[in-house]
Amino acid sequence: ETALTTHAAAFFAWGKLPDSALLTLVNERYNLPLPPFGASWSPDSRHVVATRIDERPIKPYPFLEAAPPDGSFAPVVRTARITLLGEPTPVMTGVVIDTATGKQTRIALPEGFSKSNLIEVFGWSGDGKRFYAPMPGNGRDLELSEIDAETGEMRTIITERAKGFLGLNSEMYNAPNVRLINGGRELIWFSQRSGWGHLYRYDLKTGKLRNPVTQGNWLVRDILQVDETHRRIIFTASGREAGDPYRRRVYRVNFDGSDLTLLTPEDADHTLSGQATGAFALFFGIKPGASRISPDGTRFIDTWSTPTAPPVTVLRSTADGRIITRLESADVSALRAHDWRAPEHFVVKAADGKTDIYGAIWWPDAAAGERVPLIDNLYGGPQSSIVPHGFTASGWNDSFAMTKLGFAVVTVDGRGTPLRSQAFQDESFVNFGDTMVDDHAAVVKQLAARYPRLDVGKVGVTGHSLGGYVSTRAMLRYPEVFKVGVSSAGSHIYEALYGTSGVFAYPDYGNGRELKPTPDASPANYRAMSNAPLADKLRGRLLIGYGEIDENALPATTLQFIDALTKAGRRYDLVYLPNVTHRFGSGGDYFTLRRWDYFTRYLIGTEPPLPPYPSK
């Protein structure tokens with residue numbers, strides 16, 4: 001055993017998960033099994049690429065733990081070094097360590113690298129002397145860099161530019177669709193430069209594009225396997241076949257872009273997916289699963305379903321998609337015995353009157369002719385879509401459960417969400433939240449015309465996290481549509497949040513400055529996203545819930561929004577959850593009951609039962 005680094009200090013450490021990953025308090029409480037963060041081995045184990053983060057200049061951000069879990073009575077102040085919007089970010093240092101000699105070679109990181117969390121190594125050259133990683137370029141540019149392990153010098157190979165969201169997968173939380181091939185001489189690269197997410201093959205020596213691997217008005221989702229023997233890629237995609245553009249299918253294509261073959265012809269959602277990455281995987285406890293493709297690349301396990309058809313799992317050939325044998329058909333008889341019903345899918349127009357958007361509605365038990373209230377159960381964000389397109393996802397949140405209380409429940413993926421074109425997702429890049437709210441209000445109006453049984457005088461809206469923000473904003477901007485709202489863990493004031501420029505536009509404090517000149521400075525492009533300036537627009541009933549140690553949606557932003565509601569003289573209801581993080585964990589069941597009670601009381605007009613509640 002050999003120490004590779006020395007001279008570490010508190011908040012200036014090697015392998016530390018940065019507090020900006022928003023898991024500091026969760027880790028303190030649950031002691032997550034974290035590997036050394038930002039460290040990567042070379043294939044021959046000769047070198048380690050390591051990241052050191054200097055968080056010492058960052059002011060500790062306080063959280064009040066009012067009811068300590070150890071049973072003591074004095075509140076405890078916990079802190080995390082979280083950089084707020086417009087504040088300097090931690091300084092990142094990267095080195096390559098020679099494990100044989102102990103030599104450390106500093107990597108010549110670009111100026112904007114401090115906005116990143118780690119050096120994400122995509123792969124190494126065949127001789128082990130160079131490795132490849134994404135780096136920030138000018139403005140919002142994303143570059144693929146080649147780093148010399150001996151000198152630390154960098155060479156830019158690919159520069160990716162976009163006016164809106166920029167990433168290396170169609171879903172922000174999935175691993176990059178980037179692979180080194182041909183002994184590290186070529187690269188498969190993901191880009192949305194055409195307006196759709198596709199794969200491209202590059203020569204790493206010259207940096208020149210050899211050929212597009214995929215192209216067209218459809219979307220590559222995840223690379224499942226790169227088969228160097230047969231020089232082909234197996235991947236999932238959506239939108240290429242007619243019908244629902246969100247349903248995943250599996251394809252095979254040669255490195256040169258030839259012989260694109262559909263391997264899963266069933267009109268269903270084929271649920272092979274890529275690996276979640278980074279802090280997201282840690283936060284949700286997602287562990288790497290076994291590959292569904294055989295090591296020799298000749299067979300794969302395919303599971304498909306629709307919202308109404310239960311999952312079927314088969315073994316298929318990668319040559320032509322032929323089914324070799326059926327492995328399993330899900331038995332859902334017990335589910336149906338509990339009167340479970342699938343949602344009904346629909347397609348309506350966005351608020352622009354021309355863009356198709358997709359949604360699902362769950363119907364309650366109701367007598368013929370009886371009108372039912374409607375709840376919009378939303379999320380709203382560029383990270384993920386929520387409308388179910390397969391069977392096992394058809395219970396988004398507690399949508400079906402709420403039908404048992406007498407509500408119709410709807411989910412919608414409006415403009416600004418992923419898995420469509422680049423332009424569709426970019427609708428939320430600058431005008432974050434408002435385009436989605438406009439679409440949700442437009443959907444309610446169209447559903448009212450399509451389904452006369454809906455009582456559009458009784459419409460509720462609810463959501464968690466970004467959904468908490470968007471559901472509240474819907475109440476503020478469309479009080480004539482949304483009468484009752486339940487918002488949890490919402491990020492209501494973006495100027496008071498941590499820096500989100502890795503996702504959204506950079507803050508502008510005047511003359512292009514990204515750092516705020518005074519503590520109360522508010523950039524116009526972020527101020528427009530905040531709910532506080534709209535506080536006086538609240539007309540309906542609003543229940544707000546938040547956890548006191550939520551690092552993702554900082555409690556102070558909720559309280560600052562509540563302060564704005566108070567000053568505007570608006571009535572609101574509040575659920576404060578001690579010892580609860582962003583996921584709501586131990587407080588989730590309680591808040592779910594409070595949400596059901598709130599909608600039952602103010603939409604249906606029935607007083608909910610008093611405790612003790614019925615058992616689950």
# chains A, B, ... in the order shown; residues from 1 in each chain; ligands from 1
>>> closest_atom_pairs(of="range 171-257 of chain A", to="range 321-335 of chain A", cutoff="12 Å", atoms="only C-alpha atoms", output="CSV")
residue,atom,partner,partner_atom,distance
A:Ile234,CA,A:Gly321,CA,11.4
A:Arg249,CA,A:Gly321,CA,11.0
A:Val250,CA,A:Gly321,CA,8.9
A:Tyr251,CA,A:Gly321,CA,8.9
A:Arg252,CA,A:Gly321,CA,9.4
>>> residues_around(residues="Gly243 in chain A", least_positions_apart="4", cutoff="10 Å", atoms="only C-alpha atoms", output="PyMOL selection string")
chain A and resi 239+247+267-268
>>> write_last_selection(atoms="all heavy atoms", output="JSON list (two decimals), in the first residue's frame")
[["chain", "number", "residue", "atom", "x", "y", "z"],
["A", 239, "GLY", "N", -38.50, 7.62, -31.76],
["A", 239, "GLY", "CA", -38.97, 8.58, -32.74],
["A", 239, "GLY", "C", -38.72, 8.22, -34.19],
["A", 239, "GLY", "O", -39.17, 8.94, -35.09],
["A", 247, "ARG", "N", -41.37, 5.92, -27.38],
["A", 247, "ARG", "CA", -41.12, 4.49, -27.17],
["A", 247, "ARG", "C", -39.74, 4.10, -27.68],
["A", 247, "ARG", "O", -39.39, 4.34, -28.83],
["A", 247, "ARG", "CB", -42.20, 3.66, -27.87],
["A", 247, "ARG", "CG", -43.55, 3.76, -27.16],
["A", 247, "ARG", "CD", -44.60, 2.88, -27.79],
["A", 247, "ARG", "NE", -45.84, 2.93, -27.01],
["A", 247, "ARG", "CZ", -46.97, 2.32, -27.34],
["A", 247, "ARG", "NH1", -47.00, 1.57, -28.45],
["A", 247, "ARG", "NH2", -48.03, 2.41, -26.58],
["A", 267, "ASP", "N", -44.39, -2.58, -31.49],
["A", 267, "ASP", "CA", -44.75, -1.20, -31.18],
["A", 267, "ASP", "C", -44.99, -1.10, -29.67],
["A", 267, "ASP", "O", -46.11, -1.21, -29.17],
["A", 267, "ASP", "CB", -46.01, -0.79, -31.95],
["A", 267, "ASP", "CG", -46.35, 0.68, -31.75],
["A", 267, "ASP", "OD1", -45.54, 1.41, -31.15],
["A", 267, "ASP", "OD2", -47.45, 1.11, -32.19],
["A", 268, "ALA", "N", -43.90, -0.91, -28.94],
["A", 268, "ALA", "CA", -43.93, -0.90, -27.48],
["A", 268, "ALA", "C", -42.67, -0.19, -26.99],
["A", 268, "ALA", "O", -41.81, 0.20, -27.78],
["A", 268, "ALA", "CB", -43.97, -2.34, -26.94]]
>>> atom_distance(atom1="CA of Gly167 in chain A", atom2="CA of Ile188 in chain A")
14.4 Å
>>> select_by_dssp(residues="range 478-557 of chain A", states="strand (DSSP E or B)", output="list in words")
Val484, Gly485, Val486, Ser487, Ser488, Tyr498, Arg541, Leu542, Leu543, Ile544, Gly545, Tyr546 and Gly547 of chain A
>>> residues_around(residues="Gly126 in chain A", least_positions_apart="6", cutoff="10 Å", atoms="only C-alpha atoms", output="list in words")
Pro43, Leu180, Ile181, Asn182, Gly183, Gly184 and Arg185 of chain A
>>> write_last_selection(atoms="N, CA and C atoms", output="PDB file, in the first residue's frame")
ATOM      1  N   PRO A  43      -5.955   1.913 -17.980  1.00  0.00           N
ATOM      2  CA  PRO A  43      -6.192   0.470 -18.134  1.00  0.00           C
ATOM      3  C   PRO A  43      -5.044  -0.401 -17.648  1.00  0.00           C
ATOM      4  N   LEU A 180     -14.365   5.195 -27.095  1.00  0.00           N
ATOM      5  CA  LEU A 180     -13.162   5.063 -27.905  1.00  0.00           C
ATOM      6  C   LEU A 180     -13.174   3.718 -28.608  1.00  0.00           C
ATOM      7  N   ILE A 181     -12.776   3.700 -29.861  1.00  0.00           N
ATOM      8  CA  ILE A 181     -12.747   2.468 -30.644  1.00  0.00           C
ATOM      9  C   ILE A 181     -11.430   2.384 -31.420  1.00  0.00           C
ATOM     10  N   ASN A 182     -11.212   1.242 -32.042  1.00  0.00           N
ATOM     11  CA  ASN A 182     -10.057   1.030 -32.919  1.00  0.00           C
ATOM     12  C   ASN A 182      -8.748   1.340 -32.195  1.00  0.00           C
ATOM     13  N   GLY A 183      -8.602   0.742 -30.993  1.00  0.00           N
ATOM     14  CA  GLY A 183      -7.364   0.914 -30.240  1.00  0.00           C
ATOM     15  C   GLY A 183      -7.116   2.338 -29.800  1.00  0.00           C
ATOM     16  N   GLY A 184      -8.177   3.099 -29.597  1.00  0.00           N
ATOM     17  CA  GLY A 184      -8.022   4.484 -29.175  1.00  0.00           C
ATOM     18  C   GLY A 184      -7.681   5.434 -30.304  1.00  0.00           C
ATOM     19  N   ARG A 185      -7.821   4.966 -31.544  1.00  0.00           N
ATOM     20  CA  ARG A 185      -7.519   5.835 -32.687  1.00  0.00           C
ATOM     21  C   ARG A 185      -8.761   6.550 -33.212  1.00  0.00           C
TER      22      ARG A 185
END
>>> atom_distance(atom1="CA of Glu146 in chain A", atom2="CA of Phe131 in chain A")
5.8 Å
>>> select_by_dssp(residues="range 26-121 of chain A", states="helix (DSSP H, G or I)", output="list in words")
Val26, Asn27, Glu28, Arg29, Tyr30, Glu111, Gly112, Phe113, Ser114 and Lys115 of chain A
>>> residues_around(residues="Asp259 in chain A", least_positions_apart="2", cutoff="12 Å", atoms="only C-alpha atoms", output="PDB file with all heavy atoms, in the first residue's frame")
ATOM      1  N   VAL A 213     -22.738   8.382 -37.873  1.00  0.00           N
ATOM      2  CA  VAL A 213     -23.120   6.978 -37.699  1.00  0.00           C
ATOM      3  C   VAL A 213     -24.636   6.837 -37.800  1.00  0.00           C
ATOM      4  O   VAL A 213     -25.151   5.883 -38.379  1.00  0.00           O
ATOM      5  CB  VAL A 213     -22.611   6.446 -36.344  1.00  0.00           C
ATOM      6  CG1 VAL A 213     -23.003   4.977 -36.156  1.00  0.00           C
ATOM      7  CG2 VAL A 213     -21.093   6.591 -36.252  1.00  0.00           C
ATOM      8  N   THR A 214     -25.354   7.797 -37.243  1.00  0.00           N
ATOM      9  CA  THR A 214     -26.812   7.820 -37.350  1.00  0.00           C
ATOM     10  C   THR A 214     -27.234   9.220 -37.766  1.00  0.00           C
ATOM     11  O   THR A 214     -26.523  10.203 -37.509  1.00  0.00           O
ATOM     12  CB  THR A 214     -27.491   7.465 -36.014  1.00  0.00           C
ATOM     13  OG1 THR A 214     -27.111   8.430 -35.022  1.00  0.00           O
ATOM     14  CG2 THR A 214     -27.088   6.076 -35.540  1.00  0.00           C
ATOM     15  N   ARG A 231     -17.504  -4.418 -35.782  1.00  0.00           N
ATOM     16  CA  ARG A 231     -17.500  -2.983 -36.077  1.00  0.00           C
ATOM     17  C   ARG A 231     -18.929  -2.437 -36.178  1.00  0.00           C
ATOM     18  O   ARG A 231     -19.341  -1.866 -37.185  1.00  0.00           O
ATOM     19  CB  ARG A 231     -16.710  -2.690 -37.363  1.00  0.00           C
ATOM     20  CG  ARG A 231     -15.232  -3.008 -37.224  1.00  0.00           C
ATOM     21  CD  ARG A 231     -14.437  -2.587 -38.447  1.00  0.00           C
ATOM     22  NE  ARG A 231     -14.494  -1.148 -38.696  1.00  0.00           N
ATOM     23  CZ  ARG A 231     -13.822  -0.218 -38.034  1.00  0.00           C
ATOM     24  NH1 ARG A 231     -13.012  -0.586 -37.040  1.00  0.00           N
ATOM     25  NH2 ARG A 231     -13.926   1.059 -38.354  1.00  0.00           N
ATOM     26  N   ARG A 232     -19.647  -2.626 -35.067  1.00  0.00           N
ATOM     27  CA  ARG A 232     -21.030  -2.161 -35.048  1.00  0.00           C
ATOM     28  C   ARG A 232     -21.405  -1.714 -33.636  1.00  0.00           C
ATOM     29  O   ARG A 232     -20.727  -2.050 -32.659  1.00  0.00           O
ATOM     30  CB  ARG A 232     -21.977  -3.246 -35.533  1.00  0.00           C
ATOM     31  CG  ARG A 232     -22.042  -4.466 -34.621  1.00  0.00           C
ATOM     32  CD  ARG A 232     -22.815  -5.596 -35.262  1.00  0.00           C
ATOM     33  NE  ARG A 232     -23.009  -6.715 -34.330  1.00  0.00           N
ATOM     34  CZ  ARG A 232     -23.507  -7.901 -34.667  1.00  0.00           C
ATOM     35  NH1 ARG A 232     -23.882  -8.119 -35.918  1.00  0.00           N
ATOM     36  NH2 ARG A 232     -23.657  -8.845 -33.766  1.00  0.00           N
ATOM     37  N   ILE A 233     -22.490  -0.969 -33.568  1.00  0.00           N
ATOM     38  CA  ILE A 233     -22.994  -0.426 -32.311  1.00  0.00           C
ATOM     39  C   ILE A 233     -24.429  -0.892 -32.119  1.00  0.00           C
ATOM     40  O   ILE A 233     -25.232  -0.858 -33.061  1.00  0.00           O
ATOM     41  CB  ILE A 233     -22.943   1.114 -32.312  1.00  0.00           C
ATOM     42  CG1 ILE A 233     -21.517   1.610 -32.551  1.00  0.00           C
ATOM     43  CG2 ILE A 233     -23.481   1.679 -30.991  1.00  0.00           C
ATOM     44  CD1 ILE A 233     -21.440   3.097 -32.840  1.00  0.00           C
ATOM     45  N   ILE A 234     -24.760  -1.317 -30.918  1.00  0.00           N
ATOM     46  CA  ILE A 234     -26.138  -1.633 -30.557  1.00  0.00           C
ATOM     47  C   ILE A 234     -26.606  -0.536 -29.611  1.00  0.00           C
ATOM     48  O   ILE A 234     -25.924  -0.213 -28.631  1.00  0.00           O
ATOM     49  CB  ILE A 234     -26.251  -3.017 -29.906  1.00  0.00           C
ATOM     50  CG1 ILE A 234     -25.777  -4.090 -30.895  1.00  0.00           C
ATOM     51  CG2 ILE A 234     -27.685  -3.309 -29.476  1.00  0.00           C
ATOM     52  CD1 ILE A 234     -25.700  -5.488 -30.309  1.00  0.00           C
ATOM     53  N   TYR A 251     -31.633  -0.879 -31.932  1.00  0.00           N
ATOM     54  CA  TYR A 251     -31.115  -0.882 -33.306  1.00  0.00           C
ATOM     55  C   TYR A 251     -29.665  -1.341 -33.307  1.00  0.00           C
ATOM     56  O   TYR A 251     -28.981  -1.325 -32.277  1.00  0.00           O
ATOM     57  CB  TYR A 251     -31.176   0.533 -33.900  1.00  0.00           C
ATOM     58  CG  TYR A 251     -32.562   1.100 -34.047  1.00  0.00           C
ATOM     59  CD1 TYR A 251     -33.182   1.747 -32.978  1.00  0.00           C
ATOM     60  CD2 TYR A 251     -33.256   0.992 -35.254  1.00  0.00           C
ATOM     61  CE1 TYR A 251     -34.458   2.275 -33.106  1.00  0.00           C
ATOM     62  CE2 TYR A 251     -34.531   1.526 -35.391  1.00  0.00           C
ATOM     63  CZ  TYR A 251     -35.123   2.163 -34.312  1.00  0.00           C
ATOM     64  OH  TYR A 251     -36.388   2.686 -34.452  1.00  0.00           O
ATOM     65  N   ARG A 252     -29.229  -1.726 -34.512  1.00  0.00           N
ATOM     66  CA  ARG A 252     -27.832  -2.052 -34.753  1.00  0.00           C
ATOM     67  C   ARG A 252     -27.371  -1.253 -35.964  1.00  0.00           C
ATOM     68  O   ARG A 252     -28.131  -1.084 -36.925  1.00  0.00           O
ATOM     69  CB  ARG A 252     -27.691  -3.545 -35.030  1.00  0.00           C
ATOM     70  CG  ARG A 252     -26.259  -4.044 -35.091  1.00  0.00           C
ATOM     71  CD  ARG A 252     -26.171  -5.410 -35.782  1.00  0.00           C
ATOM     72  NE  ARG A 252     -26.441  -5.287 -37.213  1.00  0.00           N
ATOM     73  CZ  ARG A 252     -27.338  -6.016 -37.877  1.00  0.00           C
ATOM     74  NH1 ARG A 252     -28.066  -6.915 -37.243  1.00  0.00           N
ATOM     75  NH2 ARG A 252     -27.511  -5.845 -39.171  1.00  0.00           N
ATOM     76  N   VAL A 253     -26.143  -0.727 -35.913  1.00  0.00           N
ATOM     77  CA  VAL A 253     -25.616   0.027 -37.046  1.00  0.00           C
ATOM     78  C   VAL A 253     -24.112  -0.175 -37.106  1.00  0.00           C
ATOM     79  O   VAL A 253     -23.450  -0.348 -36.082  1.00  0.00           O
ATOM     80  CB  VAL A 253     -25.953   1.538 -36.915  1.00  0.00           C
ATOM     81  CG1 VAL A 253     -25.215   2.158 -35.727  1.00  0.00           C
ATOM     82  CG2 VAL A 253     -25.657   2.290 -38.201  1.00  0.00           C
ATOM     83  N   ASN A 254     -23.575  -0.200 -38.302  1.00  0.00           N
ATOM     84  CA  ASN A 254     -22.125  -0.314 -38.482  1.00  0.00           C
ATOM     85  C   ASN A 254     -21.433   1.008 -38.186  1.00  0.00           C
ATOM     86  O   ASN A 254     -22.037   2.085 -38.262  1.00  0.00           O
ATOM     87  CB  ASN A 254     -21.797  -0.749 -39.913  1.00  0.00           C
ATOM     88  CG  ASN A 254     -22.240  -2.174 -40.194  1.00  0.00           C
ATOM     89  OD1 ASN A 254     -22.387  -2.988 -39.269  1.00  0.00           O
ATOM     90  ND2 ASN A 254     -22.467  -2.485 -41.457  1.00  0.00           N
ATOM     91  N   PHE A 255     -20.137   0.931 -37.863  1.00  0.00           N
ATOM     92  CA  PHE A 255     -19.381   2.136 -37.546  1.00  0.00           C
ATOM     93  C   PHE A 255     -19.459   3.175 -38.667  1.00  0.00           C
ATOM     94  O   PHE A 255     -19.439   4.376 -38.404  1.00  0.00           O
ATOM     95  CB  PHE A 255     -17.903   1.798 -37.291  1.00  0.00           C
ATOM     96  CG  PHE A 255     -17.641   1.093 -35.991  1.00  0.00           C
ATOM     97  CD1 PHE A 255     -16.369   0.588 -35.718  1.00  0.00           C
ATOM     98  CD2 PHE A 255     -18.628   0.935 -35.029  1.00  0.00           C
ATOM     99  CE1 PHE A 255     -16.097  -0.058 -34.515  1.00  0.00           C
ATOM    100  CE2 PHE A 255     -18.366   0.284 -33.828  1.00  0.00           C
ATOM    101  CZ  PHE A 255     -17.098  -0.216 -33.574  1.00  0.00           C
ATOM    102  N   ASP A 256     -19.515   2.714 -39.915  1.00  0.00           N
ATOM    103  CA  ASP A 256     -19.535   3.659 -41.040  1.00  0.00           C
ATOM    104  C   ASP A 256     -20.933   4.174 -41.354  1.00  0.00           C
ATOM    105  O   ASP A 256     -21.134   4.889 -42.339  1.00  0.00           O
ATOM    106  CB  ASP A 256     -18.906   3.036 -42.289  1.00  0.00           C
ATOM    107  CG  ASP A 256     -19.689   1.819 -42.794  1.00  0.00           C
ATOM    108  OD1 ASP A 256     -20.764   1.500 -42.228  1.00  0.00           O
ATOM    109  OD2 ASP A 256     -19.219   1.181 -43.758  1.00  0.00           O
ATOM    110  N   GLY A 257     -21.908   3.837 -40.516  1.00  0.00           N
ATOM    111  CA  GLY A 257     -23.268   4.316 -40.705  1.00  0.00           C
ATOM    112  C   GLY A 257     -24.135   3.435 -41.584  1.00  0.00           C
ATOM    113  O   GLY A 257     -25.327   3.730 -41.783  1.00  0.00           O
ATOM    114  N   THR A 261     -30.304  -1.344 -38.629  1.00  0.00           N
ATOM    115  CA  THR A 261     -31.287  -2.427 -38.538  1.00  0.00           C
ATOM    116  C   THR A 261     -32.105  -2.309 -37.262  1.00  0.00           C
ATOM    117  O   THR A 261     -31.549  -2.196 -36.172  1.00  0.00           O
ATOM    118  CB  THR A 261     -30.576  -3.795 -38.563  1.00  0.00           C
ATOM    119  OG1 THR A 261     -29.784  -3.902 -39.746  1.00  0.00           O
ATOM    120  CG2 THR A 261     -31.589  -4.933 -38.525  1.00  0.00           C
ATOM    121  N   LEU A 262     -33.425  -2.349 -37.420  1.00  0.00           N
ATOM    122  CA  LEU A 262     -34.319  -2.383 -36.271  1.00  0.00           C
ATOM    123  C   LEU A 262     -34.352  -3.809 -35.731  1.00  0.00           C
ATOM    124  O   LEU A 262     -34.674  -4.751 -36.460  1.00  0.00           O
ATOM    125  CB  LEU A 262     -35.724  -1.927 -36.684  1.00  0.00           C
ATOM    126  CG  LEU A 262     -36.831  -2.088 -35.643  1.00  0.00           C
ATOM    127  CD1 LEU A 262     -36.577  -1.196 -34.437  1.00  0.00           C
ATOM    128  CD2 LEU A 262     -38.188  -1.775 -36.270  1.00  0.00           C
ATOM    129  N   LEU A 263     -34.046  -3.977 -34.459  1.00  0.00           N
ATOM    130  CA  LEU A 263     -33.992  -5.308 -33.859  1.00  0.00           C
ATOM    131  C   LEU A 263     -35.227  -5.637 -33.033  1.00  0.00           C
ATOM    132  O   LEU A 263     -35.421  -6.788 -32.643  1.00  0.00           O
ATOM    133  CB  LEU A 263     -32.742  -5.441 -32.979  1.00  0.00           C
ATOM    134  CG  LEU A 263     -31.388  -5.276 -33.697  1.00  0.00           C
ATOM    135  CD1 LEU A 263     -30.247  -5.336 -32.691  1.00  0.00           C
ATOM    136  CD2 LEU A 263     -31.220  -6.347 -34.770  1.00  0.00           C
ATOM    137  N   ALA A 319     -28.330 -10.245 -34.817  1.00  0.00           N
ATOM    138  CA  ALA A 319     -28.147 -10.243 -36.272  1.00  0.00           C
ATOM    139  C   ALA A 319     -29.364  -9.675 -36.973  1.00  0.00           C
ATOM    140  O   ALA A 319     -29.254  -8.849 -37.884  1.00  0.00           O
ATOM    141  CB  ALA A 319     -27.861 -11.662 -36.763  1.00  0.00           C
ATOM    142  N   ASP A 320     -30.558 -10.109 -36.540  1.00  0.00           N
ATOM    143  CA  ASP A 320     -31.771  -9.684 -37.228  1.00  0.00           C
ATOM    144  C   ASP A 320     -32.945  -9.432 -36.283  1.00  0.00           C
ATOM    145  O   ASP A 320     -34.060  -9.143 -36.738  1.00  0.00           O
ATOM    146  CB  ASP A 320     -32.181 -10.730 -38.269  1.00  0.00           C
ATOM    147  CG  ASP A 320     -32.305 -12.129 -37.663  1.00  0.00           C
ATOM    148  OD1 ASP A 320     -32.285 -12.247 -36.420  1.00  0.00           O
ATOM    149  OD2 ASP A 320     -32.411 -13.098 -38.447  1.00  0.00           O
TER     150      ASP A 320
END
>>> residues_around(residues="range 359-374 of chain A", least_positions_apart="3", cutoff="9 Å", atoms="only C-alpha atoms", output="PyMOL selection string")
chain A and resi 341-348+386-388+394+399-400+402-414+443-444+452-461+603-604
>>> closest_residue(among="A:Glu171, A:Asp550, A:Asp589, A:Asp98", to="Ser42 in chain A", atoms="only C-alpha atoms")
A:Asp98
>>> residues_around(residues="range 465-481 of chain A", least_positions_apart="2", cutoff="8 Å", atoms="only C-alpha atoms", output="PyMOL selection string")
chain A and resi 378-381+433-434+436-437+441+444+456-457+459+461-463+483-492+531+534-535+537-540+542+553+582
>>> write_last_selection(atoms="N, CA and C atoms", output="short mmCIF file (atom, residue, chain, number, x, y, z; two decimals), in the first residue's frame")
data_model
loop_
_atom_site.label_atom_id
_atom_site.label_comp_id
_atom_site.auth_asym_id
_atom_site.auth_seq_id
_atom_site.Cartn_x
_atom_site.Cartn_y
_atom_site.Cartn_z
N LEU A 378 -47.47 16.90 -12.08
CA LEU A 378 -46.42 17.27 -13.03
C LEU A 378 -45.03 17.20 -12.43
N TYR A 379 -44.05 17.28 -13.30
CA TYR A 379 -42.67 17.50 -12.88
C TYR A 379 -42.19 18.81 -13.50
N GLY A 380 -41.80 18.78 -14.74
CA GLY A 380 -41.42 20.02 -15.40
C GLY A 380 -39.95 20.32 -15.27
N GLY A 381 -39.18 19.94 -16.26
CA GLY A 381 -37.75 20.24 -16.24
C GLY A 381 -37.08 19.61 -17.44
N GLY A 433 -39.72 27.22 -17.11
CA GLY A 433 -40.94 27.14 -16.32
C GLY A 433 -42.15 27.70 -17.02
N ASP A 434 -42.03 28.89 -17.61
CA ASP A 434 -43.22 29.54 -18.15
C ASP A 434 -43.79 28.81 -19.37
N MET A 436 -43.58 25.64 -19.97
CA MET A 436 -44.23 24.43 -19.46
C MET A 436 -45.57 24.76 -18.84
N VAL A 437 -45.62 25.83 -18.05
CA VAL A 437 -46.88 26.22 -17.42
C VAL A 437 -47.91 26.59 -18.49
N ALA A 441 -51.55 24.61 -18.88
CA ALA A 441 -52.84 25.31 -18.89
C ALA A 441 -53.58 25.03 -20.19
N VAL A 444 -55.19 21.51 -20.07
CA VAL A 444 -56.42 21.45 -19.26
C VAL A 444 -57.61 21.95 -20.09
N VAL A 456 -63.87 21.32 -14.99
CA VAL A 456 -62.72 22.21 -15.08
C VAL A 456 -62.84 23.42 -14.16
N GLY A 457 -63.92 23.48 -13.40
CA GLY A 457 -63.98 24.47 -12.34
C GLY A 457 -63.29 23.98 -11.09
N VAL A 459 -59.89 22.20 -10.68
CA VAL A 459 -58.62 21.68 -11.19
C VAL A 459 -57.52 21.95 -10.17
N VAL A 461 -53.24 21.13 -9.01
CA VAL A 461 -51.93 20.89 -9.59
C VAL A 461 -50.96 20.56 -8.47
N THR A 462 -50.07 19.59 -8.72
CA THR A 462 -49.13 19.18 -7.69
C THR A 462 -47.82 18.72 -8.32
N GLY A 463 -46.74 18.84 -7.55
CA GLY A 463 -45.44 18.40 -8.03
C GLY A 463 -44.40 18.50 -6.95
N LYS A 483 -57.03 25.88 -9.34
CA LYS A 483 -57.69 26.41 -8.15
C LYS A 483 -57.02 25.97 -6.84
N VAL A 484 -56.42 24.76 -6.86
CA VAL A 484 -55.81 24.22 -5.64
C VAL A 484 -54.45 23.64 -6.02
N GLY A 485 -53.43 23.98 -5.23
CA GLY A 485 -52.10 23.48 -5.52
C GLY A 485 -51.43 22.88 -4.30
N VAL A 486 -50.64 21.84 -4.51
CA VAL A 486 -49.82 21.25 -3.46
C VAL A 486 -48.40 21.14 -4.01
N SER A 487 -47.50 21.87 -3.40
CA SER A 487 -46.12 21.98 -3.87
C SER A 487 -45.17 21.46 -2.80
N SER A 488 -44.22 20.61 -3.19
CA SER A 488 -43.24 20.11 -2.23
C SER A 488 -41.83 20.24 -2.78
N ALA A 489 -40.90 20.63 -1.89
CA ALA A 489 -39.47 20.73 -2.21
C ALA A 489 -39.21 21.56 -3.46
N GLY A 490 -39.94 22.65 -3.60
CA GLY A 490 -39.78 23.49 -4.78
C GLY A 490 -38.61 24.45 -4.65
N SER A 491 -37.97 24.72 -5.77
CA SER A 491 -36.88 25.71 -5.82
C SER A 491 -37.48 27.02 -6.31
N HIS A 492 -38.07 27.79 -5.40
CA HIS A 492 -38.94 28.91 -5.76
C HIS A 492 -38.21 30.18 -6.16
N ASN A 531 -40.47 32.77 -8.28
CA ASN A 531 -41.89 32.86 -7.96
C ASN A 531 -42.23 34.05 -7.06
N LEU A 534 -44.25 37.10 -8.18
CA LEU A 534 -45.63 36.81 -8.56
C LEU A 534 -46.50 36.49 -7.36
N ALA A 535 -45.98 36.68 -6.16
CA ALA A 535 -46.69 36.25 -4.96
C ALA A 535 -48.08 36.86 -4.86
N LYS A 537 -50.16 37.35 -7.04
CA LYS A 537 -51.08 36.78 -8.03
C LYS A 537 -51.83 35.56 -7.49
N LEU A 538 -51.44 35.07 -6.32
CA LEU A 538 -52.07 33.87 -5.78
C LEU A 538 -53.54 34.14 -5.45
N ARG A 539 -54.41 33.27 -5.96
CA ARG A 539 -55.84 33.38 -5.71
C ARG A 539 -56.42 32.13 -5.06
N GLY A 540 -55.91 30.98 -5.42
CA GLY A 540 -56.47 29.74 -4.93
C GLY A 540 -55.81 29.27 -3.65
N LEU A 542 -53.18 27.02 -1.64
CA LEU A 542 -51.84 26.49 -1.90
C LEU A 542 -51.25 25.91 -0.62
N ALA A 553 -33.30 21.66 -2.97
CA ALA A 553 -34.17 22.83 -3.00
C ALA A 553 -34.02 23.51 -1.64
N HIS A 582 -34.22 16.04 0.50
CA HIS A 582 -34.97 16.35 -0.71
C HIS A 582 -35.92 15.23 -1.12
#
